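K.L.:
If it helps, the file is called final.cif and holds mmCIF, C-alpha atoms:
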```cif
data_final
#
loop_
_atom_site.label_atom_id
_atom_site.label_comp_id
_atom_site.auth_asym_id
_atom_site.auth_seq_id
_atom_site.Cartn_x
_atom_site.Cartn_y
_atom_site.Cartn_z
CA MET A 52 65.87 178.01 -81.61
CA TRP A 53 68.77 180.06 -82.80
CA HIS A 54 69.91 183.56 -82.03
CA THR A 55 71.62 185.64 -84.62
CA VAL A 56 74.47 187.72 -83.31
CA GLN A 57 76.96 190.00 -84.98
CA LYS A 58 80.53 188.88 -84.97
CA THR A 59 82.87 191.20 -86.84
CA ASP A 60 81.23 191.60 -90.22
CA GLN A 61 79.21 188.40 -90.51
CA SER A 62 76.05 186.99 -88.85
CA VAL A 63 76.54 183.81 -86.86
CA ALA A 64 73.75 181.59 -85.58
CA VAL A 65 74.18 180.79 -81.90
CA PRO A 66 72.20 177.90 -80.42
CA GLU A 67 69.58 179.11 -77.96
CA SER A 68 70.94 176.75 -75.31
CA LEU A 69 74.38 178.42 -75.43
CA ALA A 70 72.87 181.90 -75.26
CA LEU A 71 70.70 180.81 -72.33
CA GLU A 72 73.66 179.33 -70.54
CA LEU A 73 75.57 182.56 -70.95
CA ARG A 74 72.67 184.66 -69.67
CA ARG A 75 71.64 182.43 -66.78
CA GLY A 76 74.29 183.55 -64.31
CA ALA A 77 73.85 187.19 -65.26
CA LEU A 78 70.11 186.93 -64.75
CA VAL A 79 70.50 186.19 -61.04
CA LEU A 80 72.57 189.32 -60.70
CA ALA A 81 70.08 191.40 -62.70
CA ALA A 82 67.08 190.10 -60.73
CA LEU A 83 68.74 190.75 -57.37
CA ALA A 84 69.74 194.25 -58.44
CA ALA A 85 66.27 195.07 -59.78
CA LEU A 86 64.63 193.80 -56.60
CA ARG A 87 66.37 196.31 -54.37
CA SER A 88 62.98 197.94 -54.77
CA GLU A 89 59.96 195.70 -54.20
CA GLN A 90 58.31 194.43 -57.38
CA TYR A 91 55.97 191.70 -58.50
CA GLY A 92 57.04 189.19 -61.14
CA TYR A 93 55.51 190.79 -64.20
CA SER A 94 56.70 194.29 -63.32
CA LEU A 95 60.19 192.89 -62.78
CA LYS A 96 60.05 191.23 -66.20
CA LYS A 97 59.08 194.55 -67.75
CA SER A 98 61.73 196.54 -65.91
CA LEU A 99 64.37 194.03 -67.02
CA ALA A 100 63.06 194.26 -70.58
CA GLU A 101 63.39 198.04 -70.43
CA ALA A 102 67.03 197.47 -69.54
CA GLU A 103 67.19 195.19 -72.61
CA ILE A 104 67.40 192.04 -70.53
CA HIS A 105 64.72 189.89 -72.11
CA VAL A 106 63.67 186.91 -70.11
CA ASP A 107 60.59 184.75 -70.45
CA GLU A 108 58.43 184.21 -67.41
CA GLY A 109 59.04 180.47 -67.55
CA THR A 110 62.63 181.23 -66.58
CA LEU A 111 62.09 184.27 -64.37
CA TYR A 112 59.37 183.00 -62.01
CA PRO A 113 61.08 179.72 -61.08
CA LEU A 114 64.31 181.68 -60.61
CA LEU A 115 62.56 184.04 -58.17
CA ARG A 116 61.30 181.05 -56.21
CA ARG A 117 64.75 179.51 -56.15
CA LEU A 118 66.28 182.75 -54.88
CA GLU A 119 63.57 182.97 -52.25
CA SER A 120 64.25 179.41 -51.10
CA GLN A 121 67.91 180.43 -50.78
CA GLU A 122 66.72 183.33 -48.59
CA LEU A 123 68.13 185.89 -50.99
CA LEU A 124 64.62 187.23 -51.64
CA SER A 125 61.49 187.52 -49.55
CA SER A 126 57.96 187.70 -50.89
CA ARG A 127 54.46 188.63 -49.86
CA TRP A 128 51.07 188.47 -51.53
CA VAL A 129 49.25 191.74 -52.11
CA ILE A 130 45.75 192.12 -53.60
CA GLU A 131 45.88 194.84 -56.26
CA GLU A 132 43.19 195.71 -58.78
CA GLY A 133 41.31 192.64 -57.58
CA ARG A 134 44.25 190.42 -58.43
CA PRO A 135 46.66 188.78 -56.00
CA ARG A 136 50.24 189.66 -56.82
CA ARG A 137 53.37 188.27 -55.29
CA TYR A 138 55.83 191.01 -54.46
CA TYR A 139 59.50 190.14 -54.14
CA LYS A 140 62.22 192.10 -52.38
CA ILE A 141 65.89 191.48 -51.75
CA THR A 142 66.84 190.38 -48.22
CA ASN A 143 69.92 191.45 -46.26
CA GLN A 144 71.55 188.18 -47.22
CA GLY A 145 70.55 188.82 -50.83
CA GLN A 146 72.07 192.31 -50.65
CA ALA A 147 75.38 190.86 -49.43
CA THR A 148 75.26 188.28 -52.21
CA LEU A 149 74.49 190.97 -54.75
CA THR A 150 77.51 192.99 -53.66
CA ALA A 151 79.76 189.94 -53.87
CA LEU A 152 78.32 188.85 -57.23
CA GLY A 153 78.61 192.39 -58.57
CA ALA A 154 82.31 192.45 -57.75
CA GLU A 155 82.70 189.03 -59.33
CA TRP A 156 80.88 190.24 -62.43
CA GLU A 157 83.14 193.27 -62.80
CA GLN A 158 86.23 191.10 -62.52
CA LEU A 159 84.89 188.54 -64.99
CA SER A 160 83.78 191.21 -67.40
CA LYS A 161 87.22 192.83 -67.43
CA ALA A 162 88.89 189.45 -67.88
CA LEU A 163 86.58 188.51 -70.74
CA ARG A 164 87.14 191.80 -72.48
CA ARG A 165 90.88 191.14 -72.37
CA VAL A 166 90.37 187.61 -73.72
CA LEU A 167 88.01 188.70 -76.48
CA LYS A 168 90.38 191.40 -77.80
CA MET B 1432 38.07 189.18 -67.16
CA ASN B 1433 35.22 187.26 -68.76
CA ARG B 1434 34.11 183.72 -67.91
CA GLU B 1435 35.59 182.13 -71.06
CA SER B 1436 39.00 183.66 -70.43
CA LYS B 1437 38.94 182.56 -66.81
CA GLU B 1438 38.03 179.04 -67.93
CA LEU B 1439 40.89 178.90 -70.44
CA ILE B 1440 43.35 180.09 -67.79
CA GLY B 1441 41.87 177.71 -65.22
CA ARG B 1442 42.39 174.75 -67.56
CA TYR B 1443 45.96 175.76 -68.32
CA VAL B 1444 46.86 176.30 -64.68
CA TYR B 1445 45.25 172.98 -63.74
CA HIS B 1446 47.37 171.14 -66.32
CA VAL B 1447 50.54 172.82 -65.06
CA GLY B 1448 49.60 171.88 -61.51
CA ARG B 1449 49.21 168.21 -62.42
CA HIS B 1450 52.97 168.04 -62.90
CA LEU B 1451 53.86 169.81 -59.68
CA ALA B 1452 54.25 168.62 -56.11
CA SER B 1453 50.97 169.11 -54.26
CA GLU B 1454 52.68 171.30 -51.63
CA ARG B 1455 53.40 174.09 -54.09
CA ARG B 1456 50.64 173.46 -56.62
CA GLU B 1457 48.24 176.10 -55.28
CA ASP B 1458 50.96 178.69 -54.79
CA VAL B 1459 52.30 178.29 -58.33
CA ALA B 1460 48.75 178.25 -59.71
CA GLN B 1461 47.97 181.56 -58.01
CA GLU B 1462 51.16 183.12 -59.34
CA LEU B 1463 50.49 181.85 -62.86
CA ARG B 1464 46.93 183.22 -62.80
CA SER B 1465 48.30 186.56 -61.66
CA LEU B 1466 51.00 186.57 -64.34
CA ILE B 1467 48.64 185.59 -67.15
CA GLY B 1468 46.13 188.22 -66.02
CA ASP B 1469 48.83 190.91 -66.04
CA ARG B 1470 50.05 189.86 -69.47
CA VAL B 1471 46.54 189.79 -70.92
CA ASP B 1472 45.81 193.29 -69.58
CA ASP B 1473 49.10 194.54 -70.89
CA GLU B 1474 49.18 192.91 -74.29
CA VAL B 1475 45.64 193.43 -75.55
CA ARG B 1476 45.70 194.90 -79.06
CA PRO B 1477 42.99 197.03 -80.66
CA GLY B 1478 40.25 194.85 -82.13
CA GLU B 1479 41.50 191.71 -80.40
CA THR B 1480 39.12 189.86 -78.12
CA GLU B 1481 40.18 189.01 -74.59
CA GLU B 1482 39.97 185.30 -75.34
CA ALA B 1483 42.27 185.69 -78.32
CA VAL B 1484 44.84 187.46 -76.12
CA VAL B 1485 44.58 184.74 -73.49
CA LEU B 1486 45.13 182.05 -76.14
CA ARG B 1487 48.13 183.92 -77.56
CA VAL B 1488 49.69 184.35 -74.11
CA LEU B 1489 49.13 180.69 -73.24
CA ARG B 1490 50.64 179.54 -76.54
CA GLU B 1491 53.66 181.74 -75.89
CA MET B 1492 54.05 180.34 -72.40
CA GLY B 1493 54.21 176.85 -73.85
CA PRO B 1494 52.84 173.42 -72.99
CA PRO B 1495 51.93 172.93 -69.31
CA PRO B 1496 54.49 170.14 -68.69
CA ALA B 1497 57.27 172.42 -69.99
CA VAL B 1498 56.14 175.24 -67.66
CA ALA B 1499 55.93 172.82 -64.74
CA GLU B 1500 59.36 171.48 -65.55
CA ARG B 1501 60.84 174.94 -65.13
CA TYR B 1502 59.24 175.06 -61.68
CA GLY B 1503 61.26 172.01 -60.74
CA TYR B 1504 59.56 169.05 -62.36
CA GLU B 1505 62.50 167.06 -63.67
CA ARG B 1506 61.73 164.04 -65.80
CA ARG B 1507 65.40 163.15 -65.61
CA LEU B 1508 64.84 162.03 -62.04
CA LEU B 1509 63.78 158.45 -61.50
CA ILE B 1510 60.98 159.78 -59.33
CA GLY B 1511 59.57 163.16 -60.34
CA THR B 1512 59.23 165.97 -57.84
CA SER B 1513 55.45 165.64 -58.05
CA SER B 1514 55.72 162.18 -56.48
CA LEU B 1515 58.68 162.81 -54.18
CA PRO B 1516 56.68 164.08 -51.16
CA ALA B 1517 54.48 160.96 -51.20
CA PHE B 1518 57.54 158.78 -51.71
CA PHE B 1519 59.35 160.29 -48.73
CA LYS B 1520 56.24 160.02 -46.54
CA LEU B 1521 55.98 156.33 -47.36
CA ALA B 1522 59.70 155.79 -47.00
CA LYS B 1523 59.36 157.17 -43.44
CA ILE B 1524 56.29 155.06 -42.64
CA LEU B 1525 57.78 151.85 -44.06
CA PRO B 1526 60.46 151.12 -41.39
CA VAL B 1527 57.89 151.70 -38.62
CA ALA B 1528 55.31 149.42 -40.30
CA ILE B 1529 57.90 146.69 -40.83
CA LEU B 1530 59.04 147.08 -37.23
CA ALA B 1531 55.44 146.49 -36.11
CA VAL B 1532 55.23 143.33 -38.23
CA SER B 1533 58.66 142.18 -37.04
CA ILE B 1534 57.58 142.57 -33.41
CA VAL B 1535 54.66 140.22 -34.14
CA PHE B 1536 57.19 137.63 -35.28
CA ILE B 1537 59.41 137.95 -32.20
CA PRO B 1538 58.02 134.75 -30.62
CA TYR B 1539 59.14 132.83 -33.70
CA ALA B 1540 62.45 134.61 -34.08
CA TRP B 1541 63.30 133.96 -30.43
CA ARG B 1542 61.63 130.55 -30.21
CA ASP B 1543 64.80 128.99 -28.85
CA GLY B 1544 65.03 131.65 -26.17
CA PHE B 1545 66.53 135.09 -26.24
CA THR B 1546 70.19 135.17 -27.14
CA LEU B 1547 72.41 137.81 -28.66
CA GLY B 1548 72.52 135.64 -31.78
CA SER B 1549 68.71 135.59 -32.11
CA LEU B 1550 68.59 139.34 -31.53
CA ALA B 1551 71.23 139.88 -34.22
CA ARG B 1552 69.31 137.63 -36.64
CA TRP B 1553 66.07 139.48 -35.88
CA LEU B 1554 67.75 142.84 -36.48
CA THR B 1555 69.38 141.59 -39.69
CA ASP B 1556 66.02 140.31 -40.95
CA TYR B 1557 64.42 143.61 -40.04
CA PHE B 1558 66.97 145.72 -41.94
CA HIS B 1559 66.86 143.28 -44.84
CA SER B 1560 63.07 143.68 -45.03
CA VAL B 1561 63.30 147.46 -44.83
CA LEU B 1562 65.85 147.61 -47.66
CA LEU B 1563 63.91 145.14 -49.80
CA ASN B 1564 60.66 147.05 -49.35
CA LEU B 1565 62.31 150.40 -49.99
CA GLY B 1566 63.59 148.90 -53.23
CA VAL B 1567 60.09 147.75 -54.16
CA LEU B 1568 58.77 151.20 -53.24
CA VAL B 1569 61.28 152.85 -55.56
CA VAL B 1570 60.31 150.46 -58.37
CA VAL B 1571 56.58 151.21 -57.86
CA PHE B 1572 57.22 154.96 -58.02
CA VAL B 1573 59.50 154.65 -61.04
CA VAL B 1574 56.82 152.65 -62.87
CA LEU B 1575 54.23 155.29 -61.98
CA GLU B 1576 56.61 157.99 -63.21
CA ARG B 1577 57.21 156.23 -66.53
CA PHE B 1578 53.47 155.59 -66.87
CA SER B 1579 52.83 159.29 -66.37
CA ALA B 1580 55.62 160.21 -68.84
CA MET B 1581 54.18 157.87 -71.48
CA ARG B 1582 50.84 159.61 -71.20
CA ALA B 1583 52.37 163.06 -71.68
CA LYS B 1584 51.59 164.47 -75.09
CA PRO B 1585 54.39 165.75 -77.28
CA GLU B 1586 54.90 169.51 -77.23
CA GLU B 1587 53.95 170.15 -80.85
CA THR B 1588 50.38 169.04 -80.17
CA PHE B 1589 49.89 171.80 -77.60
CA ASP B 1590 46.81 173.88 -78.15
CA PRO B 1591 45.41 175.69 -75.10
CA GLU B 1592 41.88 175.41 -76.51
CA LYS B 1593 42.13 171.63 -76.49
CA LEU B 1594 43.22 171.29 -72.89
CA SER B 1595 40.66 169.26 -70.99
CA ALA B 1596 38.68 170.93 -68.24
CA PRO B 1597 39.73 170.16 -64.67
CA PRO B 1598 37.65 167.38 -63.17
CA ALA B 1599 34.80 168.74 -61.06
CA PRO B 1600 36.04 168.27 -57.50
CA MET B 1601 33.49 167.05 -55.00
CA ALA B 1602 33.09 167.80 -51.32
CA GLY B 1603 35.56 165.61 -49.45
CA GLY B 1604 37.53 165.19 -52.65
CA LYS B 1605 40.86 166.07 -51.09
CA VAL B 1606 43.52 163.55 -52.01
CA ARG B 1607 45.96 162.16 -49.49
CA PRO B 1608 48.84 161.03 -51.73
CA ALA B 1609 50.55 158.99 -49.03
CA VAL B 1610 47.39 156.93 -48.44
CA LEU B 1611 46.79 156.39 -52.16
CA VAL B 1612 50.38 155.39 -52.84
CA ALA B 1613 50.29 153.06 -49.83
CA GLN B 1614 47.15 151.44 -51.26
CA ILE B 1615 48.79 151.06 -54.70
CA TYR B 1616 51.85 149.57 -53.03
CA LEU B 1617 49.71 147.15 -51.06
CA ALA B 1618 47.77 146.12 -54.19
CA VAL B 1619 51.01 145.46 -56.07
CA ALA B 1620 52.34 143.45 -53.11
CA VAL B 1621 49.13 141.35 -52.97
CA PHE B 1622 49.30 140.84 -56.76
CA VAL B 1623 52.91 139.63 -56.54
CA LEU B 1624 52.14 137.39 -53.57
CA PHE B 1625 49.08 135.67 -55.05
CA ASN B 1626 50.52 135.31 -58.56
CA PHE B 1627 54.16 134.48 -57.91
CA TYR B 1628 54.47 133.31 -54.30
CA PRO B 1629 51.12 131.66 -53.46
CA SER B 1630 52.91 129.09 -51.33
CA VAL B 1631 53.77 131.68 -48.67
CA ILE B 1632 50.14 132.72 -48.22
CA GLY B 1633 48.44 130.75 -45.53
CA ILE B 1634 48.64 129.91 -41.88
CA TRP B 1635 52.10 130.37 -40.50
CA THR B 1636 52.86 128.04 -37.66
CA ASN B 1637 55.53 125.88 -36.22
CA ALA B 1638 52.75 123.49 -35.11
CA GLY B 1639 55.19 121.65 -32.94
CA LEU B 1640 57.23 120.70 -35.96
CA THR B 1641 60.95 121.12 -36.24
CA ARG B 1642 60.69 123.86 -38.83
CA PHE B 1643 58.56 126.90 -39.31
CA LEU B 1644 55.74 125.94 -41.60
CA VAL B 1645 53.42 127.75 -43.96
CA ILE B 1646 50.16 125.93 -44.49
CA PRO B 1647 48.94 127.27 -47.84
CA LEU B 1648 45.39 128.58 -48.00
CA SER B 1649 44.55 125.88 -50.55
CA ALA B 1650 45.66 123.20 -48.09
CA VAL B 1651 43.02 124.35 -45.59
CA GLY B 1652 40.35 124.45 -48.29
CA VAL B 1653 40.38 128.15 -49.20
CA HIS B 1654 40.28 128.85 -52.95
CA VAL B 1655 40.76 132.37 -54.26
CA PRO B 1656 39.53 133.01 -57.83
CA LEU B 1657 42.83 134.41 -59.12
CA TRP B 1658 41.64 136.08 -62.33
CA LEU B 1659 38.89 137.91 -60.46
CA LEU B 1660 41.35 138.97 -57.77
CA ASN B 1661 43.70 140.28 -60.48
CA VAL B 1662 40.91 142.27 -62.12
CA TRP B 1663 40.07 143.83 -58.76
CA LEU B 1664 43.71 144.64 -57.97
CA ALA B 1665 44.36 146.08 -61.45
CA GLY B 1666 41.20 148.19 -61.15
CA ASN B 1667 42.36 149.53 -57.78
CA ILE B 1668 45.87 150.31 -59.04
CA LEU B 1669 44.51 152.13 -62.10
CA LEU B 1670 41.92 154.07 -60.11
CA LYS B 1671 44.36 155.23 -57.45
CA THR B 1672 46.96 156.16 -60.08
CA GLU B 1673 44.36 158.21 -61.92
CA VAL B 1674 43.20 159.96 -58.73
CA LEU B 1675 46.83 160.76 -57.89
CA ARG B 1676 47.27 162.16 -61.40
CA GLN B 1677 44.11 164.26 -61.19
CA GLY B 1678 44.94 165.44 -57.69
CA THR B 1679 41.33 165.20 -56.51
CA TRP B 1680 38.51 162.75 -55.99
CA THR B 1681 35.61 163.29 -58.37
CA ARG B 1682 32.13 161.80 -58.42
CA GLU B 1683 33.23 159.44 -61.18
CA SER B 1684 36.27 158.22 -59.28
CA ARG B 1685 34.26 157.82 -56.05
CA TRP B 1686 31.61 155.80 -57.88
CA THR B 1687 34.36 153.68 -59.40
CA GLU B 1688 35.74 153.16 -55.92
CA VAL B 1689 32.32 152.00 -54.71
CA GLY B 1690 32.12 149.62 -57.69
CA LEU B 1691 35.56 148.24 -56.94
CA SER B 1692 34.67 147.78 -53.27
CA MET B 1693 31.66 145.73 -54.36
CA LEU B 1694 33.83 143.69 -56.70
CA GLY B 1695 36.35 143.18 -53.88
CA LEU B 1696 33.55 142.02 -51.62
CA ALA B 1697 32.32 139.65 -54.35
CA VAL B 1698 35.85 138.23 -54.70
CA PHE B 1699 36.07 137.73 -50.94
CA VAL B 1700 32.62 136.20 -50.56
CA GLY B 1701 33.21 134.08 -53.67
CA ALA B 1702 36.48 132.81 -52.20
CA ILE B 1703 34.78 131.85 -48.95
CA TRP B 1704 31.73 130.41 -50.75
CA SER B 1705 33.74 128.21 -53.08
CA SER B 1706 36.05 127.02 -50.34
CA HIS B 1707 35.86 123.71 -48.54
CA LEU B 1708 36.68 124.98 -45.12
CA GLY B 1709 37.78 122.39 -42.64
CA GLN B 1710 38.65 119.90 -45.36
CA LEU B 1711 42.41 119.71 -45.18
CA ASP B 1712 44.37 118.64 -48.22
CA THR B 1713 45.58 115.10 -47.48
CA GLY B 1714 48.45 115.36 -49.97
CA PHE B 1715 49.77 118.38 -48.11
CA LEU B 1716 49.37 116.68 -44.75
CA GLU B 1717 51.37 113.70 -45.96
CA SER B 1718 54.08 115.98 -47.34
CA VAL B 1719 54.63 117.46 -43.87
CA GLY B 1720 54.27 114.13 -42.07
CA LEU B 1721 50.87 114.64 -40.46
CA THR B 1722 48.11 112.06 -40.49
CA PRO B 1723 44.40 112.97 -40.54
CA SER B 1724 44.04 111.58 -37.03
CA ASP B 1725 46.71 113.90 -35.65
CA PRO B 1726 45.16 116.31 -33.08
CA ARG B 1727 47.07 119.19 -34.70
CA VAL B 1728 45.23 118.48 -37.96
CA LYS B 1729 41.92 118.72 -36.14
CA ALA B 1730 43.03 122.04 -34.67
CA LEU B 1731 43.91 123.32 -38.14
CA ALA B 1732 40.53 122.25 -39.47
CA GLU B 1733 38.88 124.19 -36.65
CA ALA B 1734 41.07 127.20 -37.44
CA SER B 1735 40.01 127.18 -41.07
CA ARG B 1736 36.33 127.00 -40.05
CA ALA B 1737 36.94 129.96 -37.76
CA LEU B 1738 37.75 131.95 -40.91
CA VAL B 1739 34.07 131.82 -41.81
CA LEU B 1740 33.11 133.35 -38.48
CA ALA B 1741 35.78 136.01 -38.89
CA ALA B 1742 34.58 136.74 -42.44
CA GLY B 1743 31.05 137.65 -41.28
CA PRO B 1744 31.91 140.88 -39.41
CA LEU B 1745 34.42 141.79 -42.11
CA VAL B 1746 31.77 141.50 -44.84
CA LEU B 1747 29.40 143.63 -42.73
CA LEU B 1748 32.14 146.21 -42.24
CA VAL B 1749 32.82 146.45 -45.98
CA LEU B 1750 29.09 146.63 -46.72
CA TRP B 1751 28.74 149.45 -44.21
CA GLY B 1752 31.65 151.29 -45.90
CA ILE B 1753 30.02 150.86 -49.33
CA ALA B 1754 26.64 152.09 -48.04
CA LYS B 1755 28.34 155.09 -46.44
CA GLY B 1756 30.14 155.90 -49.70
CA VAL B 1757 26.95 155.64 -51.78
CA ARG B 1758 25.05 157.81 -49.28
CA ARG B 1759 27.77 160.46 -49.39
CA LEU B 1760 27.75 160.43 -53.20
CA LEU B 1761 23.97 160.76 -53.39
CA ARG B 1762 23.81 163.57 -50.85
CA ALA B 1763 26.96 165.55 -51.69
CA PRO B 1764 26.69 168.48 -54.09
CA ALA B 1765 28.22 167.71 -57.48
CA SER B 1766 30.89 170.36 -57.16
CA VAL B 1767 32.35 172.74 -54.69
CA ALA B 1768 34.18 174.65 -57.40
#
```
Will you turn the file into structure tokens for me?

P.N.:
Amino acid sequence: MWHTVQKTDQSVAVPESLALELRRGALVLAALAALRSEQYGYSLKKSLAEAEIHVDEGTLYPLLRRLESQELLSSRWVIEEGRPRRYYKITNQGQATLTALGAEWEQLSKALRRVLK
Amino acid sequence: MNRESKELIGRYVYHVGRHLASERREDVAQELRSLIGDRVDDEVRPGETEEAVVLRVLREMGPPPAVAERYGYERRLLIGTSSLPAFFKLAKILPVAILAVSIVFIPYAWRDGFTLGSLARWLTDYFHSVLLNLGVLVVVFVVLERFSAMRAKPEETFDPEKLSAPPAPMAGGKVRPAVLVAQIYLAVAVFVLFNFYPSVIGIWTNAGLTRFLVIPLSAVGVHVPLWLLNVWLAGNILLKTEVLRQGTWTRESRWTEVGLSMLGLAVFVGAIWSSHLGQLDTGFLESVGLTPSDPRVKALAEASRALVLAAGPLVLLVLWGIAKGVRRLLRAPASVA
């Protein structure tokens, strides 16, 4: 799969793997930030999509489990509309990580902007 | 959600679960069902049937092995995460089992009396056996992993409608992976022993001789029909591998198990029946410097006859196990699903 991105005045095909690699780190940050309020997987996917962060569930759900195993998220099952849903929420440790990662992101973002000029 | 949609989702989730470690299979399955249900509710278009939406969502999610891989199933590992729990269980059991066997051999290991040297040799042999068997265990799991990978269909053939239905689980169908893998391991070990090292199978004794001696089964008149034994072992290995892959016992696999038990019993009874117990091989006796009149030879002949007496209760025990299995199969409901 290839993504088409705009670079100056011409379209350039970027391999999906490179785009994924670039987004992967940012996705952890986005998920932690979005889970400051409790959400289940699908609602999180939709709220990220509304923020124009498109992620397929095959990436998002395993990521949530990984973050939970790292104790950055906690989860609980809730029966809603006759369907069990797993709700995730950031933990205190996750909040501290989010703050640290956010600062890191700001620094990296500024540095990249300088490099890309 | 209608029955057809639930069935399609059930099949998909089952096929994802087959590639996951049993510990998290149910949890992931529940989450996938929830996710697919949410997507179907959310993405239904006017005029589109529910089944059509389910099929579209499943196609978009991709082939079950790919979904499972994202949940941690890594084919790059020598042993996949689906097999790792069973591997670690066995790897923990193995040193204890070998220790138990090694303790049995203490009288031989310390036959010249207990010294620090004999203790060191015993410990060295023990660690050597543990390492060797761990190596064999790794090889068995790697072969199972490759076997499973070879059976995986390429992604482009994925069609959620063509996914096979989960096997109908039966009451008491819960699989204990550690037990199954231990049985596969044992079957492979027996296969290797009988086919490649038959000379070490027999009565182990020092019999007053200067060296530790293995009296092969054939030398005491026992003949094992090798091809039949191999068929039985191969059948057991295939059955247990398949049950591990399916993650549950089904009526079919339980009936196959009963059939294999009967074949195993036939192999055992056939071996005893065709044997000439008590008739020691004179060529072998000469090779170890024993004459037929030697009292130790008479004792060996008696020992080989004792095998017949020992075989009786064992045959009864296996028969009782078979009868119990058949009774359970005839009485148990076909499915608990």

K.L.:
Identify which of the residues B:Arg1470, B:Arg1442, B:Arg1577, B:Lys1593 lies closest to Ser94 (chain A), counting only C-alpha atoms when measuring atom-to-atom distances.

P.N.:
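Answer, going by the shortest atom-to-atom distance: B:Arg1470.
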
K.L.:
Please check the contacts: residues of chain B at most 7 Å away from chain A, using all atoms listed in the file, listed as a list in words.

P.N.:
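Taking all atoms listed in the file into account, Glu1462, Ser1465, Leu1466, Asp1469, Met1492, Val1498, Arg1501 and Tyr1502 of chain B sit within 7 Å of chain A.
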
K.L.:
Using the chain letters and numbers from the file, give me the residues hit by the PyMOL selection byres ((chain B and resi 1486) around 10), as a PyMOL selection string.

P.N.:
chain B and resi 1436+1439-1440+1471+1481-1485+1487-1492+1590-1592

K.L.:
I'd like the interatomic distance between CA of Trp1680 (chain B) and CA of Arg1759 (chain B), to a tenth of an Å.

P.N.:
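Computing it gives 12.8 Å between the two atoms.
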
K.L.:
Using CA of Val1728 (chain B) and CA of Gln1710 (chain B) as the two end points, give the distance in Å to one decimal.

P.N.:
10.0 Å

K.L.:
Here's the selection I'm unsure about, the PyMOL selection byres ((chain A and resi 99) around 12); applied to the file above, which residues does it give, as a list in words?

P.N.:
Ala77, Leu78, Val79, Leu80, Ala81, Ala82, Leu83, Ala84, Ala85, Leu86, Gln90, Gly92, Tyr93, Ser94, Leu95, Lys96, Lys97, Ser98, Ala100, Glu101, Ala102, Glu103, Ile104, His105, Val106, Asp107, Glu108 and Leu111 of chain A

K.L.:
Which residue gives the smallest distance to Thr150 (chain A) among A:Leu167, A:Arg87, A:Leu115, A:Ser125, with all atoms listed in the file counted?

P.N.:
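Looking only at the distances to Thr150 (chain A), the closest residue turns out to be A:Arg87.
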
K.L.:
Please determine, counting all atoms listed in the file, which residue among B:Val1689, B:Val1698, B:Leu1670, B:Ser1724 has the shortest atom-to-atom distance to Trp1751 (chain B).

P.N.:
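Nearest to Trp1751 (chain B): B:Val1689.
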
K.L.:
Skipping near chain neighbours, those fewer than 2 positions away, what residues fall within 12 Å of Leu1568 (chain B) using all atoms listed in the file, listed as a VMD selection string?

P.N.:
chain B and resid 1510 1514 to 1515 1517 to 1526 1560 to 1566 1570 to 1575 1612 to 1617 1619 to 1620

K.L.:
What does the distance between CA of Ala1596 (chain B) and CA of Val1459 (chain B) come to in Å, to one decimal place?

P.N.:
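Taking CA of Ala1596 (chain B) as the start and CA of Val1459 (chain B) as the end point, the length is 18.4 Å.
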
K.L.:
Return as a list in words the set of residues that the PyMOL selection byres ((chain B and resi 1756) around 12) yields on the displayed structure.

P.N.:
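That selection, the PyMOL selection byres ((chain B and resi 1756) around 12), comes back as Gly1603, Arg1682, Ser1684, Arg1685, Trp1686, Thr1687, Glu1688, Val1689, Gly1690, Leu1691, Ser1692, Met1693, Val1749, Leu1750, Trp1751, Gly1752, Ile1753, Ala1754, Lys1755, Val1757, Arg1758, Arg1759, Leu1760, Leu1761, Arg1762 and Ala1763 of chain B.
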
K.L.:
Write the residues of the selection above to a file with C-alpha atoms, as an mmCIF file, in the frame of the given file.

P.N.:
```cif
data_model
loop_
_atom_site.group_PDB
_atom_site.id
_atom_site.type_symbol
_atom_site.label_atom_id
_atom_site.label_comp_id
_atom_site.auth_asym_id
_atom_site.auth_seq_id
_atom_site.Cartn_x
_atom_site.Cartn_y
_atom_site.Cartn_z
ATOM 1 C CA GLY B 1603 35.560 165.610 -49.450
ATOM 2 C CA ARG B 1682 32.130 161.800 -58.420
ATOM 3 C CA SER B 1684 36.270 158.220 -59.280
ATOM 4 C CA ARG B 1685 34.260 157.820 -56.050
ATOM 5 C CA TRP B 1686 31.610 155.800 -57.880
ATOM 6 C CA THR B 1687 34.360 153.680 -59.400
ATOM 7 C CA GLU B 1688 35.740 153.160 -55.920
ATOM 8 C CA VAL B 1689 32.320 152.000 -54.710
ATOM 9 C CA GLY B 1690 32.120 149.620 -57.690
ATOM 10 C CA LEU B 1691 35.560 148.240 -56.940
ATOM 11 C CA SER B 1692 34.670 147.780 -53.270
ATOM 12 C CA MET B 1693 31.660 145.730 -54.360
ATOM 13 C CA VAL B 1749 32.820 146.450 -45.980
ATOM 14 C CA LEU B 1750 29.090 146.630 -46.720
ATOM 15 C CA TRP B 1751 28.740 149.450 -44.210
ATOM 16 C CA GLY B 1752 31.650 151.290 -45.900
ATOM 17 C CA ILE B 1753 30.020 150.860 -49.330
ATOM 18 C CA ALA B 1754 26.640 152.090 -48.040
ATOM 19 C CA LYS B 1755 28.340 155.090 -46.440
ATOM 20 C CA VAL B 1757 26.950 155.640 -51.780
ATOM 21 C CA ARG B 1758 25.050 157.810 -49.280
ATOM 22 C CA ARG B 1759 27.770 160.460 -49.390
ATOM 23 C CA LEU B 1760 27.750 160.430 -53.200
ATOM 24 C CA LEU B 1761 23.970 160.760 -53.390
ATOM 25 C CA ARG B 1762 23.810 163.570 -50.850
ATOM 26 C CA ALA B 1763 26.960 165.550 -51.690
#
```
